[in-house]
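For reference, structure.txt is printed below; it contains compact mmCIF, C-alpha atoms (C1' of nucleotides).
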```
# COMPACT_ATOMS: atom_id res chain seq x y z
CA MET P 1 -27.22 -29.94 -7.43
CA ALA P 2 -26.39 -29.12 -3.86
CA ILE P 3 -24.07 -26.35 -2.78
CA MET P 4 -20.64 -26.38 -4.33
CA GLY P 5 -17.37 -24.76 -3.52
CA ARG P 6 -16.04 -23.41 -0.28
CA PRO P 7 -18.77 -22.57 2.22
CA ARG P 8 -19.08 -19.10 3.69
CA GLU P 9 -17.24 -18.73 6.97
CA PHE P 10 -19.54 -16.20 8.63
CA ASN P 11 -23.21 -16.10 9.55
CA CYS P 12 -25.09 -13.77 7.23
CA GLU P 13 -27.82 -12.88 9.69
CA LYS P 14 -25.42 -12.25 12.54
CA ALA P 15 -23.35 -10.05 10.25
CA LEU P 16 -26.49 -8.13 9.27
CA ASP P 17 -27.30 -7.56 12.93
CA LEU P 18 -23.82 -6.18 13.50
CA ALA P 19 -24.13 -3.91 10.47
CA LEU P 20 -27.50 -2.74 11.77
CA GLN P 21 -25.89 -1.63 15.01
CA VAL P 22 -23.34 0.45 13.11
CA PHE P 23 -26.00 2.08 10.91
CA TRP P 24 -28.01 2.72 14.03
CA ARG P 25 -25.26 4.62 15.75
CA LYS P 26 -23.75 6.49 12.81
CA GLY P 27 -26.51 6.75 10.22
CA TYR P 28 -26.19 5.67 6.62
CA GLU P 29 -23.63 8.19 5.47
CA GLY P 30 -21.73 8.28 8.75
CA ALA P 31 -21.10 4.55 8.66
CA SER P 32 -18.08 3.83 6.47
CA MET P 33 -17.36 0.50 4.84
CA ALA P 34 -14.35 0.23 7.13
CA ASP P 35 -16.62 0.69 10.16
CA LEU P 36 -18.99 -1.93 8.85
CA THR P 37 -16.45 -4.60 7.93
CA GLU P 38 -14.67 -4.16 11.23
CA ALA P 39 -17.88 -4.54 13.22
CA MET P 40 -19.07 -7.45 11.10
CA GLY P 41 -15.75 -9.21 11.32
CA ILE P 42 -15.49 -9.79 7.58
CA THR P 43 -13.48 -8.25 4.78
CA LYS P 44 -14.81 -5.97 2.11
CA PRO P 45 -14.92 -8.49 -0.75
CA SER P 46 -16.91 -10.87 1.46
CA LEU P 47 -19.32 -8.10 2.29
CA TYR P 48 -19.81 -7.15 -1.34
CA ALA P 49 -20.23 -10.78 -2.39
CA ALA P 50 -22.84 -11.39 0.30
CA PHE P 51 -24.79 -8.11 0.27
CA GLY P 52 -24.14 -6.36 -3.03
CA ASN P 53 -23.14 -2.87 -1.98
CA LYS P 54 -23.58 -0.40 0.85
CA GLU P 55 -27.06 0.65 -0.20
CA GLU P 56 -28.34 -2.92 -0.48
CA LEU P 57 -26.70 -3.77 2.82
CA PHE P 58 -28.56 -0.91 4.46
CA ARG P 59 -31.86 -1.96 2.94
CA LYS P 60 -31.37 -5.52 4.13
CA ALA P 61 -30.47 -4.30 7.59
CA LEU P 62 -33.55 -2.10 7.51
CA ASP P 63 -35.78 -5.03 6.62
CA ARG P 64 -34.27 -7.00 9.45
CA TYR P 65 -34.95 -4.06 11.75
CA VAL P 66 -38.64 -3.74 11.01
CA ASP P 67 -39.13 -7.48 11.42
CA GLY P 68 -37.09 -7.62 14.61
CA PRO P 69 -36.48 -4.76 17.04
CA GLY P 70 -38.91 -2.52 15.16
CA GLY P 71 -41.66 -5.11 15.39
CA TYR P 72 -43.16 -3.42 18.41
CA PHE P 73 -44.84 -1.00 16.04
CA GLN P 74 -46.92 -3.56 14.19
CA ALA P 75 -47.52 -5.44 17.44
CA ALA P 76 -48.96 -2.32 19.05
CA LEU P 77 -51.51 -1.96 16.26
CA LEU P 78 -53.08 -5.25 17.40
CA LYS P 79 -54.10 -3.90 20.79
CA PRO P 80 -57.84 -3.89 21.38
CA THR P 81 -58.52 -0.16 21.78
CA ALA P 82 -57.10 2.97 20.23
CA ARG P 83 -55.86 4.09 23.60
CA ASP P 84 -54.08 0.77 24.12
CA VAL P 85 -52.54 1.07 20.68
CA VAL P 86 -51.18 4.56 21.30
CA ALA P 87 -50.03 3.78 24.83
CA SER P 88 -48.25 0.69 23.63
CA LEU P 89 -46.60 2.60 20.80
CA LEU P 90 -45.33 5.36 23.05
CA TYR P 91 -44.11 3.22 25.94
CA GLU P 92 -42.57 0.59 23.70
CA ALA P 93 -40.86 3.36 21.77
CA ALA P 94 -39.48 4.79 25.01
CA ASP P 95 -38.04 1.37 25.84
CA ALA P 96 -36.72 0.60 22.37
CA LEU P 97 -35.15 4.02 21.87
CA THR P 98 -33.10 3.65 25.04
CA ASN P 99 -32.23 -0.03 24.73
CA PRO P 100 -28.45 -0.18 24.30
CA ASP P 101 -28.89 -2.99 21.77
CA THR P 102 -31.32 -0.97 19.65
CA PRO P 103 -30.22 2.62 20.12
CA GLY P 104 -32.58 5.15 18.60
CA CYS P 105 -34.87 4.91 15.61
CA LEU P 106 -33.18 3.85 12.41
CA ALA P 107 -35.92 5.40 10.30
CA VAL P 108 -35.27 8.81 11.87
CA GLN P 109 -31.53 8.75 12.48
CA GLY P 110 -30.60 6.84 9.34
CA ALA P 111 -30.62 9.78 6.98
CA LEU P 112 -32.70 12.80 8.00
CA SER P 113 -30.58 15.04 5.82
CA CYS P 114 -27.71 13.99 3.63
CA GLY P 115 -25.67 14.62 0.54
CA GLU P 116 -26.62 13.76 -3.01
CA ALA P 117 -25.26 10.23 -2.84
CA ALA P 118 -27.62 9.14 -0.07
CA GLN P 119 -30.84 10.75 -1.21
CA THR P 120 -32.35 7.50 -2.40
CA ILE P 121 -31.82 6.18 1.13
CA LYS P 122 -33.33 9.33 2.59
CA GLN P 123 -36.40 8.88 0.42
CA GLU P 124 -36.64 5.22 1.32
CA LEU P 125 -36.70 6.16 5.00
CA MET P 126 -39.25 8.90 4.36
CA ALA P 127 -41.42 6.33 2.63
CA ARG P 128 -41.07 3.88 5.51
CA ARG P 129 -42.05 6.51 8.04
CA ALA P 130 -45.02 7.44 5.90
CA ALA P 131 -46.00 3.80 5.56
CA SER P 132 -45.91 3.26 9.31
CA GLU P 133 -47.99 6.35 9.81
CA ALA P 134 -50.47 5.05 7.24
CA ASP P 135 -50.71 1.75 9.13
CA LEU P 136 -51.50 3.64 12.29
CA ARG P 137 -54.00 5.81 10.45
CA ARG P 138 -55.87 2.76 9.20
CA ARG P 139 -55.91 1.31 12.70
CA LEU P 140 -57.38 4.55 14.03
CA GLU P 141 -59.93 4.65 11.22
CA ARG P 142 -61.05 1.25 12.37
CA ALA P 143 -61.29 2.59 15.91
CA VAL P 144 -63.54 5.41 14.68
CA ALA P 145 -65.73 2.91 12.83
CA GLU P 146 -65.97 0.80 15.97
CA GLY P 147 -66.97 3.75 18.10
CA ASP P 148 -63.72 3.47 19.99
CA LEU P 149 -62.88 7.03 18.96
CA PRO P 150 -65.33 9.93 18.53
CA ALA P 151 -67.05 9.89 15.15
CA ASP P 152 -65.69 13.29 14.16
CA SER P 153 -62.07 12.27 14.78
CA ASP P 154 -59.68 12.70 11.88
CA ALA P 155 -57.65 9.52 11.90
CA ALA P 156 -55.01 10.97 9.56
CA ASP P 157 -54.41 13.95 11.85
CA LEU P 158 -54.27 11.73 14.91
CA ALA P 159 -51.83 9.34 13.28
CA ARG P 160 -49.60 12.22 12.28
CA TYR P 161 -49.79 13.60 15.78
CA VAL P 162 -48.77 10.33 17.39
CA SER P 163 -46.04 9.79 14.79
CA ALA P 164 -44.65 13.22 15.50
CA ILE P 165 -44.49 12.50 19.21
CA MET P 166 -42.67 9.23 18.58
CA GLN P 167 -40.24 10.96 16.23
CA GLY P 168 -39.70 13.72 18.76
CA MET P 169 -38.91 11.06 21.34
CA ALA P 170 -36.37 9.64 18.88
CA VAL P 171 -34.67 13.02 18.62
CA GLN P 172 -34.68 13.32 22.39
CA ALA P 173 -33.15 9.85 22.67
CA ALA P 174 -30.46 10.85 20.18
CA GLY P 175 -29.69 13.67 22.58
CA GLY P 176 -29.07 11.30 25.44
CA VAL P 177 -32.42 11.50 27.22
CA GLY P 178 -33.09 8.36 29.24
CA ARG P 179 -35.91 5.87 29.38
CA ASP P 180 -37.73 7.29 32.37
CA GLN P 181 -37.77 10.76 30.89
CA LEU P 182 -39.09 9.45 27.60
CA ARG P 183 -41.83 7.61 29.44
CA LYS P 184 -42.84 10.87 31.07
CA ILE P 185 -43.28 12.37 27.62
CA ALA P 186 -45.55 9.43 26.84
CA ASP P 187 -47.40 10.01 30.11
CA LEU P 188 -48.08 13.61 29.25
CA ALA P 189 -49.20 12.79 25.73
CA LEU P 190 -51.58 10.16 27.05
CA ARG P 191 -53.18 12.44 29.62
CA ASN P 192 -55.48 13.58 26.91
CA TRP P 193 -56.31 10.81 24.60
CA PRO P 194 -58.14 11.23 22.42
CA PRO P 195 -57.20 14.91 22.20
CA LEU P 196 -60.62 16.50 21.92
CA MET V 1 -3.89 52.11 11.16
CA ALA V 2 -6.95 51.56 9.12
CA ILE V 3 -7.56 48.59 6.89
CA MET V 4 -4.82 47.79 4.44
CA GLY V 5 -4.50 45.72 1.35
CA ARG V 6 -7.09 44.59 -1.13
CA PRO V 7 -10.61 44.67 0.26
CA ARG V 8 -12.77 41.55 0.24
CA GLU V 9 -15.02 41.33 -2.77
CA PHE V 10 -17.96 39.52 -1.18
CA ASN V 11 -20.32 40.25 1.69
CA CYS V 12 -19.53 38.04 4.65
CA GLU V 13 -23.03 38.03 6.09
CA LYS V 14 -24.69 37.33 2.78
CA ALA V 15 -22.25 34.50 2.21
CA LEU V 16 -23.06 33.11 5.65
CA ASP V 17 -26.76 33.17 4.85
CA LEU V 18 -26.12 31.25 1.66
CA ALA V 19 -24.00 28.71 3.52
CA LEU V 20 -26.78 28.39 6.09
CA GLN V 21 -29.22 27.41 3.37
CA VAL V 22 -26.89 24.66 2.18
CA PHE V 23 -26.36 23.29 5.69
CA TRP V 24 -30.09 23.46 6.19
CA ARG V 25 -30.86 21.30 3.22
CA LYS V 26 -27.99 18.83 3.39
CA GLY V 27 -26.88 18.75 7.02
CA TYR V 28 -23.33 19.30 8.18
CA GLU V 29 -21.75 16.20 6.70
CA GLY V 30 -23.89 16.16 3.59
CA ALA V 31 -22.83 19.66 2.60
CA SER V 32 -19.52 19.50 0.78
CA MET V 33 -17.11 22.39 0.47
CA ALA V 34 -17.85 22.39 -3.25
CA ASP V 35 -21.58 22.76 -2.50
CA LEU V 36 -20.85 25.59 -0.11
CA THR V 37 -18.44 27.56 -2.27
CA GLU V 38 -20.73 27.24 -5.26
CA ALA V 39 -23.75 28.48 -3.31
CA MET V 40 -21.76 31.26 -1.65
CA GLY V 41 -20.23 32.40 -4.93
CA ILE V 42 -16.69 32.40 -3.58
CA THR V 43 -13.67 30.17 -3.96
CA LYS V 44 -12.35 27.82 -1.35
CA PRO V 45 -9.32 29.86 -0.24
CA SER V 46 -11.59 32.87 0.27
CA LEU V 47 -13.91 30.77 2.36
CA TYR V 48 -11.07 29.46 4.51
CA ALA V 49 -9.59 32.92 4.95
CA ALA V 50 -12.92 34.38 6.00
CA PHE V 51 -14.38 31.58 8.12
CA GLY V 52 -11.52 29.31 9.18
CA ASN V 53 -12.73 25.88 8.21
CA LYS V 54 -15.92 23.92 7.65
CA GLU V 55 -16.64 23.45 11.34
CA GLU V 56 -16.21 27.12 12.18
CA LEU V 57 -18.30 28.07 9.18
CA PHE V 58 -21.09 25.86 10.45
CA ARG V 59 -20.87 27.32 13.94
CA LYS V 60 -21.02 30.85 12.57
CA ALA V 61 -23.98 29.93 10.38
CA LEU V 62 -25.62 28.37 13.43
CA ASP V 63 -25.16 31.54 15.45
CA ARG V 64 -26.69 33.51 12.62
CA TYR V 65 -29.58 31.07 12.56
CA VAL V 66 -30.50 31.40 16.22
CA ASP V 67 -30.34 35.18 16.02
CA GLY V 68 -32.31 35.31 12.78
CA PRO V 69 -34.77 32.73 11.51
CA GLY V 70 -34.56 30.79 14.79
CA GLY V 71 -35.38 33.86 16.82
CA TYR V 72 -39.01 32.88 17.05
CA PHE V 73 -38.06 30.56 19.87
CA GLN V 74 -36.77 33.25 22.21
CA ALA V 75 -39.55 35.57 21.11
CA ALA V 76 -42.17 33.00 22.06
CA LEU V 77 -40.81 32.83 25.61
CA LEU V 78 -41.84 36.46 26.11
CA LYS V 79 -45.56 35.76 25.69
CA PRO V 80 -47.61 36.55 28.76
CA THR V 81 -48.95 33.10 29.65
CA ALA V 82 -47.58 29.58 29.46
CA ARG V 83 -50.30 28.68 27.01
CA ASP V 84 -49.40 31.60 24.79
CA VAL V 85 -45.76 30.61 24.97
CA VAL V 86 -46.44 27.03 23.90
CA ALA V 87 -48.97 27.99 21.25
CA SER V 88 -46.56 30.52 19.80
CA LEU V 89 -43.74 27.98 19.80
CA LEU V 90 -45.75 25.32 18.03
CA TYR V 91 -47.41 27.51 15.43
CA GLU V 92 -44.27 29.51 14.69
CA ALA V 93 -42.39 26.24 14.35
CA ALA V 94 -44.99 24.99 11.89
CA ASP V 95 -44.48 28.12 9.83
CA ALA V 96 -40.69 28.20 10.06
CA LEU V 97 -40.27 24.51 9.30
CA THR V 98 -42.19 24.86 6.06
CA ASN V 99 -40.83 28.22 4.97
CA PRO V 100 -38.88 27.60 1.76
CA ASP V 101 -36.26 30.11 2.93
CA THR V 102 -35.75 28.35 6.25
CA PRO V 103 -36.42 24.71 5.51
CA GLY V 104 -36.53 22.53 8.59
CA CYS V 105 -34.75 22.82 11.90
CA LEU V 106 -31.00 23.12 11.65
CA ALA V 107 -30.55 21.88 15.21
CA VAL V 108 -32.34 18.64 14.35
CA GLN V 109 -31.34 18.05 10.75
CA GLY V 110 -27.79 19.34 11.06
CA ALA V 111 -26.26 16.19 12.48
CA LEU V 112 -28.61 13.79 14.25
CA SER V 113 -26.24 10.92 13.59
CA CYS V 114 -22.91 11.13 11.87
CA GLY V 115 -19.45 9.74 11.47
CA GLU V 116 -16.50 10.32 13.74
CA ALA V 117 -15.41 13.53 12.05
CA ALA V 118 -18.64 15.37 12.80
CA GLN V 119 -19.26 14.28 16.36
CA THR V 120 -18.17 17.59 17.84
CA ILE V 121 -20.85 19.20 15.67
CA LYS V 122 -23.37 16.61 16.76
CA GLN V 123 -22.61 17.37 20.39
CA GLU V 124 -22.81 21.09 19.76
CA LEU V 125 -26.30 20.65 18.32
CA MET V 126 -27.31 18.40 21.21
CA ALA V 127 -26.14 21.10 23.58
CA ARG V 128 -28.09 23.78 21.71
CA ARG V 129 -31.27 21.72 21.80
CA ALA V 130 -30.74 21.13 25.51
CA ALA V 131 -30.13 24.83 26.07
CA SER V 132 -33.34 25.80 24.28
CA GLU V 133 -35.24 23.25 26.30
CA ALA V 134 -33.71 24.69 29.47
CA ASP V 135 -34.83 28.18 28.45
CA LEU V 136 -38.35 26.88 28.01
CA ARG V 137 -38.17 25.03 31.31
CA ARG V 138 -37.22 28.21 33.14
CA ARG V 139 -40.08 30.05 31.48
CA LEU V 140 -42.49 27.34 32.61
CA GLU V 141 -41.05 27.40 36.11
CA ARG V 142 -41.89 31.09 36.17
CA ALA V 143 -45.39 30.25 35.03
CA VAL V 144 -45.77 27.79 37.90
CA ALA V 145 -44.53 30.41 40.35
CA GLU V 146 -47.02 32.90 38.93
CA GLY V 147 -49.90 30.48 39.27
CA ASP V 148 -50.21 30.35 35.52
CA LEU V 149 -49.62 26.59 35.66
CA PRO V 150 -50.79 24.20 38.39
CA ALA V 151 -48.48 24.19 41.38
CA ASP V 152 -47.70 20.48 41.00
CA SER V 153 -46.57 20.84 37.38
CA ASP V 154 -43.10 19.60 36.59
CA ALA V 155 -41.65 22.32 34.38
CA ALA V 156 -38.78 20.09 33.23
CA ASP V 157 -41.15 17.35 32.06
CA LEU V 158 -43.40 19.86 30.33
CA ALA V 159 -40.47 21.52 28.59
CA ARG V 160 -39.21 18.15 27.38
CA TYR V 161 -42.70 17.27 26.19
CA VAL V 162 -43.07 20.46 24.18
CA SER V 163 -39.54 20.13 22.82
CA ALA V 164 -40.26 16.60 21.69
CA ILE V 165 -43.37 17.74 19.84
CA MET V 166 -41.43 20.49 18.10
CA GLN V 167 -38.67 18.05 17.15
CA GLY V 168 -41.22 15.58 15.91
CA MET V 169 -42.69 18.32 13.76
CA ALA V 170 -39.19 18.92 12.40
CA VAL V 171 -38.91 15.25 11.40
CA GLN V 172 -42.33 15.43 9.80
CA ALA V 173 -41.29 18.54 7.91
CA ALA V 174 -38.17 16.74 6.71
CA GLY V 175 -40.54 14.13 5.33
CA GLY V 176 -42.37 16.68 3.24
CA VAL V 177 -45.37 17.37 5.46
CA GLY V 178 -46.81 20.80 4.79
CA ARG V 179 -47.64 23.79 6.93
CA ASP V 180 -51.32 23.11 7.43
CA GLN V 181 -50.69 19.56 8.53
CA LEU V 182 -48.04 20.69 11.00
CA ARG V 183 -50.45 23.22 12.40
CA LYS V 184 -52.94 20.46 12.98
CA ILE V 185 -50.34 18.66 15.07
CA ALA V 186 -50.00 21.87 17.07
CA ASP V 187 -53.79 22.07 17.37
CA LEU V 188 -53.99 18.57 18.79
CA ALA V 189 -51.15 19.18 21.23
CA LEU V 190 -52.80 22.35 22.46
CA ARG V 191 -56.16 20.73 23.04
CA ASN V 192 -54.87 19.70 26.38
CA TRP V 193 -52.68 22.31 27.81
CA PRO V 194 -51.58 22.02 30.44
CA PRO V 195 -51.70 18.22 30.16
CA LEU V 196 -53.18 17.33 33.54
C1' DA I 1 4.41 56.48 -8.11
C1' DC I 2 5.80 53.21 -5.11
C1' DA I 3 5.45 49.63 -1.61
C1' DC I 4 2.86 46.52 0.74
C1' DA I 5 -0.95 44.14 2.90
C1' DT I 6 -4.61 41.60 1.61
C1' DC I 7 -7.55 38.99 -1.45
C1' DC I 8 -8.51 35.91 -5.45
C1' DG I 9 -7.90 31.78 -8.38
C1' DT I 10 -5.45 27.69 -9.98
C1' DA I 11 -3.80 23.69 -8.82
C1' DA I 12 -2.41 20.51 -5.97
C1' DC I 13 -1.99 18.07 -1.38
C1' DG I 14 -2.87 13.89 1.67
C1' DC I 15 -6.57 11.28 2.96
C1' DT I 16 -10.69 8.50 3.00
C1' DC I 17 -14.47 7.07 0.51
C1' DG I 18 -17.11 3.10 -1.92
C1' DG I 19 -15.90 -0.53 -4.81
C1' DT I 20 -12.98 -4.26 -7.22
C1' DA I 21 -9.19 -7.23 -9.62
C1' DT I 22 -6.48 -10.93 -8.54
C1' DA I 23 -4.35 -14.61 -6.31
C1' DG I 24 -4.37 -18.00 -2.74
C1' DA I 25 -7.04 -20.94 0.62
C1' DT I 26 -10.84 -24.24 1.45
C1' DG I 27 -13.73 -28.05 1.27
C1' DG I 28 -17.59 -30.75 -1.13
C1' DA I 29 -18.45 -33.82 -5.37
C1' DC I 30 -16.80 -37.47 -7.94
C1' DG A 1 -6.88 -37.93 -4.69
C1' DT A 2 -8.28 -34.68 -8.05
C1' DC A 3 -11.15 -31.12 -9.74
C1' DC A 4 -13.26 -26.88 -9.28
C1' DA A 5 -16.68 -23.69 -7.55
C1' DT A 6 -16.70 -20.63 -4.01
C1' DC A 7 -14.90 -17.93 -0.30
C1' DT A 8 -11.07 -15.05 1.80
C1' DA A 9 -7.39 -11.66 1.76
C1' DT A 10 -4.12 -8.28 -0.05
C1' DA A 11 -3.64 -4.69 -2.60
C1' DC A 12 -5.26 -1.40 -5.45
C1' DC A 13 -8.46 1.89 -8.20
C1' DG A 14 -10.62 6.41 -9.42
C1' DA A 15 -13.27 9.86 -7.27
C1' DG A 16 -14.31 13.04 -3.89
C1' DC A 17 -13.32 14.85 0.54
C1' DG A 18 -11.44 19.01 3.46
C1' DT A 19 -7.53 21.80 3.24
C1' DT A 20 -3.59 24.62 1.66
C1' DA A 21 0.74 26.55 -1.09
C1' DC A 22 1.67 29.68 -4.29
C1' DG A 23 1.56 33.42 -7.53
C1' DG A 24 -0.89 37.03 -9.75
C1' DA A 25 -4.38 40.74 -9.07
C1' DT A 26 -6.08 44.74 -6.46
C1' DG A 27 -6.60 48.61 -3.84
C1' DT A 28 -4.84 51.55 0.35
C1' DG A 29 -1.35 54.31 2.76
C1' DT A 30 2.72 57.05 2.15
```
Kindly transcribe the structure held in the file into structure tokens.
Amino acid sequence: MAIMGRPREFNCEKALDLALQVFWRKGYEGASMADLTEAMGITKPSLYAAFGNKEELFRKALDRYVDGPGGYFQAALLKPTARDVVASLLYEAADALTNPDTPGCLAVQGALSCGEAAQTIKQELMARRAASEADLRRRLERAVAEGDLPADSDAADLARYVSAIMQGMAVQAAGGVGRDQLRKIADLALRNWPPL
Amino acid sequence: MAIMGRPREFNCEKALDLALQVFWRKGYEGASMADLTEAMGITKPSLYAAFGNKEELFRKALDRYVDGPGGYFQAALLKPTARDVVASLLYEAADALTNPDTPGCLAVQGALSCGEAAQTIKQELMARRAASEADLRRRLERAVAEGDLPADSDAADLARYVSAIMQGMAVQAAGGVGRDQLRKIADLALRNWPPL
DNA sequence: ACACATCCGTAACGCTCGGTATAGATGGAC
DNA sequence: GTCCATCTATACCGAGCGTTACGGATGTGT
């Protein structure tokens, strides 16, 4: 049995990308269904039929983010040395955070603080940030094992340190700071790596 | 002509402190008037008579924050050396961000991203963060002039760097990271100061 | 004691929110 | 060409939002 009935008139993935942009700029709570449907070019019933509800839509947009524009994070972990990994993370973050197509960090701006209704989203984002930090921590643990970092380095502390700098850059970007200024933050952070 | 009519039954400053706690935990948009009136122990008409509206209430709470729990920032600028200033900022931030009475950084969590209605608040917070950073920049400029920092230091870049670390710590604190872990971030940042 | 300015509480306002019932349009399967 | 599953669109729902009108309560100044 192939597909039956009237086919969908819009492209699901394109619509998700448009929704992602709205969530990016306004956060989860700040983005209203009216904002979303207008940006996506579809009506509310179509949105609900295709994506379930606002929360599921956000989660799907979030998945699309980490696999797409947010992919620089996982890509950076593949660099050969710990210094390359951290440098790549910080400079790629500076670029991504100021790219007009990918404004800011969804995991930070999405729902840092919110009302009761959005707390499951807030916790989801907290978990994602923690998971990314854990990925970085494991990469740095490997670097310690390989002698790429001093043997007495605490990979967990270093990962938290680098994560905090990236998140601080995200806050700066939300405040309108530009790419070159973010890269200078990265420069300064990298002037002592590893921070001994 | 002294005061006339029925005197107010609640303490304005105490009520402001209670409102501040709500804004702290839920952000500007996430805090509803019902949340606020319940926490403050007053009814809505009393709140509107005393504070104007939600936006003015937030601004008054914000003023009370910078003069009270947020005062560590200005206090840190009075330390004798640039290193003392930065160390005080980072360690005091670690303490303040994890103090149950002053949870997180209102300037970061208040309204990082939001809907249309709250964008004046968002811009106010952006301006406050920028103003704090400018205060720090001027303090570091003084340090350069005093020979306390290398003559080729860029005070603006350094101030942005330190601000980003503090804001990153605020995001970490919003994610549940504890005091000791935040202090380790401060430790790592201070291992190269100034970052040459 | 009286008058009045002010505050408190109930109850409602208009609006927007996220979400949906229903009816009409569309196009593939037979 | 007919059937019918599916999509689209209008119009609406109940709930919650920030805000306010109104009337009764309260204490001060005269």
**Message:** If the cut-off is 12 Å, can you tell me the residues of chain A near chain P, counting only C-alpha atoms (C1' of nucleotides)? I'd like them as a list of chain:residue names.
**Reply:**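 Output check: A:DC3, A:DC4, A:DA5, A:DT6, A:DC7, A:DT8, A:DA9, A:DT10, A:DG16.
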**Asked** Of the candidates V:Leu158, V:Ser32, V:Ala61, V:Leu106, which one gets nearest to Ala19 in chain V if we count all atoms listed in the file?
**Response** V:Ala61
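The list of residues with at least one atom within 10 Å of Asn53 in chain P, based on only C-alpha atoms (C1' of nucleotides) and without residues fewer than 4 positions apart in the same chain, reads Met33, Lys44, Leu47, Tyr48, Ala49, Leu57 and Phe58 of chain P; DG18 and DG19 of chain I.
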**Prompt:** What is the distance between CA of Arg137 in chain P and CA of Ala159 in chain P, in Å to one decimal?
**Reply:**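 Going from CA of Arg137 in chain P over to CA of Ala159 in chain P, I get 5.0 Å.
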**Request:** May I ask you to extract the residues of chain V within 9 Å of chain P, using all atoms listed in the file, and to give them as an MDAnalysis selection string?
**Result:** chainID V and resid 24:32 108:118 123 125:127 129:130 157:158 160:172 174:176 181:182 184:186 188:192 195:196
**Message:** When you count all atoms listed in the file, which of these residues is closest to chain V: I:DC15, I:DC2, I:DC30, I:DC8?
**Reply:**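 The shortest atom-to-atom distance to chain V comes from I:DC8.
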**Residue with smallest distance to DT20 in chain A - pool I:DC13, I:DT6, I:DG28, I:DT22, counting all atoms listed in the file** = I:DC13
Listing only residues of chain I within 10 Å of chain P, what is the closest atom pair and its distance in Å (to one decimal) for each, using all atoms listed in the file, sorted by chain and residue number ascending, as a Markdown table?
```
| residue | atom | partner | partner_atom | distance |
| --- | --- | --- | --- | --- |
| I:DT16 | C1' | P:Ser32 | CA | 9.4 |
| I:DC17 | C1' | P:Ser32 | CA | 7.7 |
| I:DG18 | C1' | P:Met33 | CA | 7.2 |
| I:DG19 | C1' | P:Asn53 | CA | 8.1 |
| I:DT20 | C1' | P:Pro45 | CA | 8.0 |
| I:DA25 | C1' | P:Arg6 | CA | 9.4 |
| I:DT26 | C1' | P:Arg6 | CA | 5.5 |
| I:DG27 | C1' | P:Arg6 | CA | 5.4 |
| I:DG28 | C1' | P:Met4 | CA | 6.2 |
| I:DA29 | C1' | P:Met4 | CA | 7.8 |
```
Using C-alpha atoms (C1' of nucleotides), can you write the selected residues to a file as a PDB file, in the coordinates of the input?
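Output saved as result.pdb:
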```
ATOM      1  C1'  DT I  16     -10.690   8.500   3.000  1.00  0.00           C
ATOM      2  C1'  DC I  17     -14.470   7.070   0.510  1.00  0.00           C
ATOM      3  C1'  DG I  18     -17.110   3.100  -1.920  1.00  0.00           C
ATOM      4  C1'  DG I  19     -15.900  -0.530  -4.810  1.00  0.00           C
ATOM      5  C1'  DT I  20     -12.980  -4.260  -7.220  1.00  0.00           C
ATOM      6  C1'  DA I  25      -7.040 -20.940   0.620  1.00  0.00           C
ATOM      7  C1'  DT I  26     -10.840 -24.240   1.450  1.00  0.00           C
ATOM      8  C1'  DG I  27     -13.730 -28.050   1.270  1.00  0.00           C
ATOM      9  C1'  DG I  28     -17.590 -30.750  -1.130  1.00  0.00           C
ATOM     10  C1'  DA I  29     -18.450 -33.820  -5.370  1.00  0.00           C
TER      11       DA I  29
END
```
Find the residues around Gly70 in chain P up to 10 Å (only C-alpha atoms (C1' of nucleotides) counted), leave out those fewer than 3 positions away in its own chain, and share them as a short mmCIF file (atom, residue, chain, number, x, y, z; two decimals) with C-alpha atoms, in the frame of the given file.
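Writing done, so here's part_36.cif:
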```cif
data_model
loop_
_atom_site.label_atom_id
_atom_site.label_comp_id
_atom_site.auth_asym_id
_atom_site.auth_seq_id
_atom_site.Cartn_x
_atom_site.Cartn_y
_atom_site.Cartn_z
CA LEU P 62 -33.55 -2.10 7.51
CA ASP P 63 -35.78 -5.03 6.62
CA ARG P 64 -34.27 -7.00 9.45
CA TYR P 65 -34.95 -4.06 11.75
CA VAL P 66 -38.64 -3.74 11.01
CA ASP P 67 -39.13 -7.48 11.42
CA PHE P 73 -44.84 -1.00 16.04
CA GLN P 74 -46.92 -3.56 14.19
CA ALA P 75 -47.52 -5.44 17.44
CA GLU P 92 -42.57 0.59 23.70
CA ALA P 93 -40.86 3.36 21.77
CA ALA P 96 -36.72 0.60 22.37
CA THR P 102 -31.32 -0.97 19.65
CA CYS P 105 -34.87 4.91 15.61
CA LEU P 106 -33.18 3.85 12.41
CA ALA P 107 -35.92 5.40 10.30
#
```
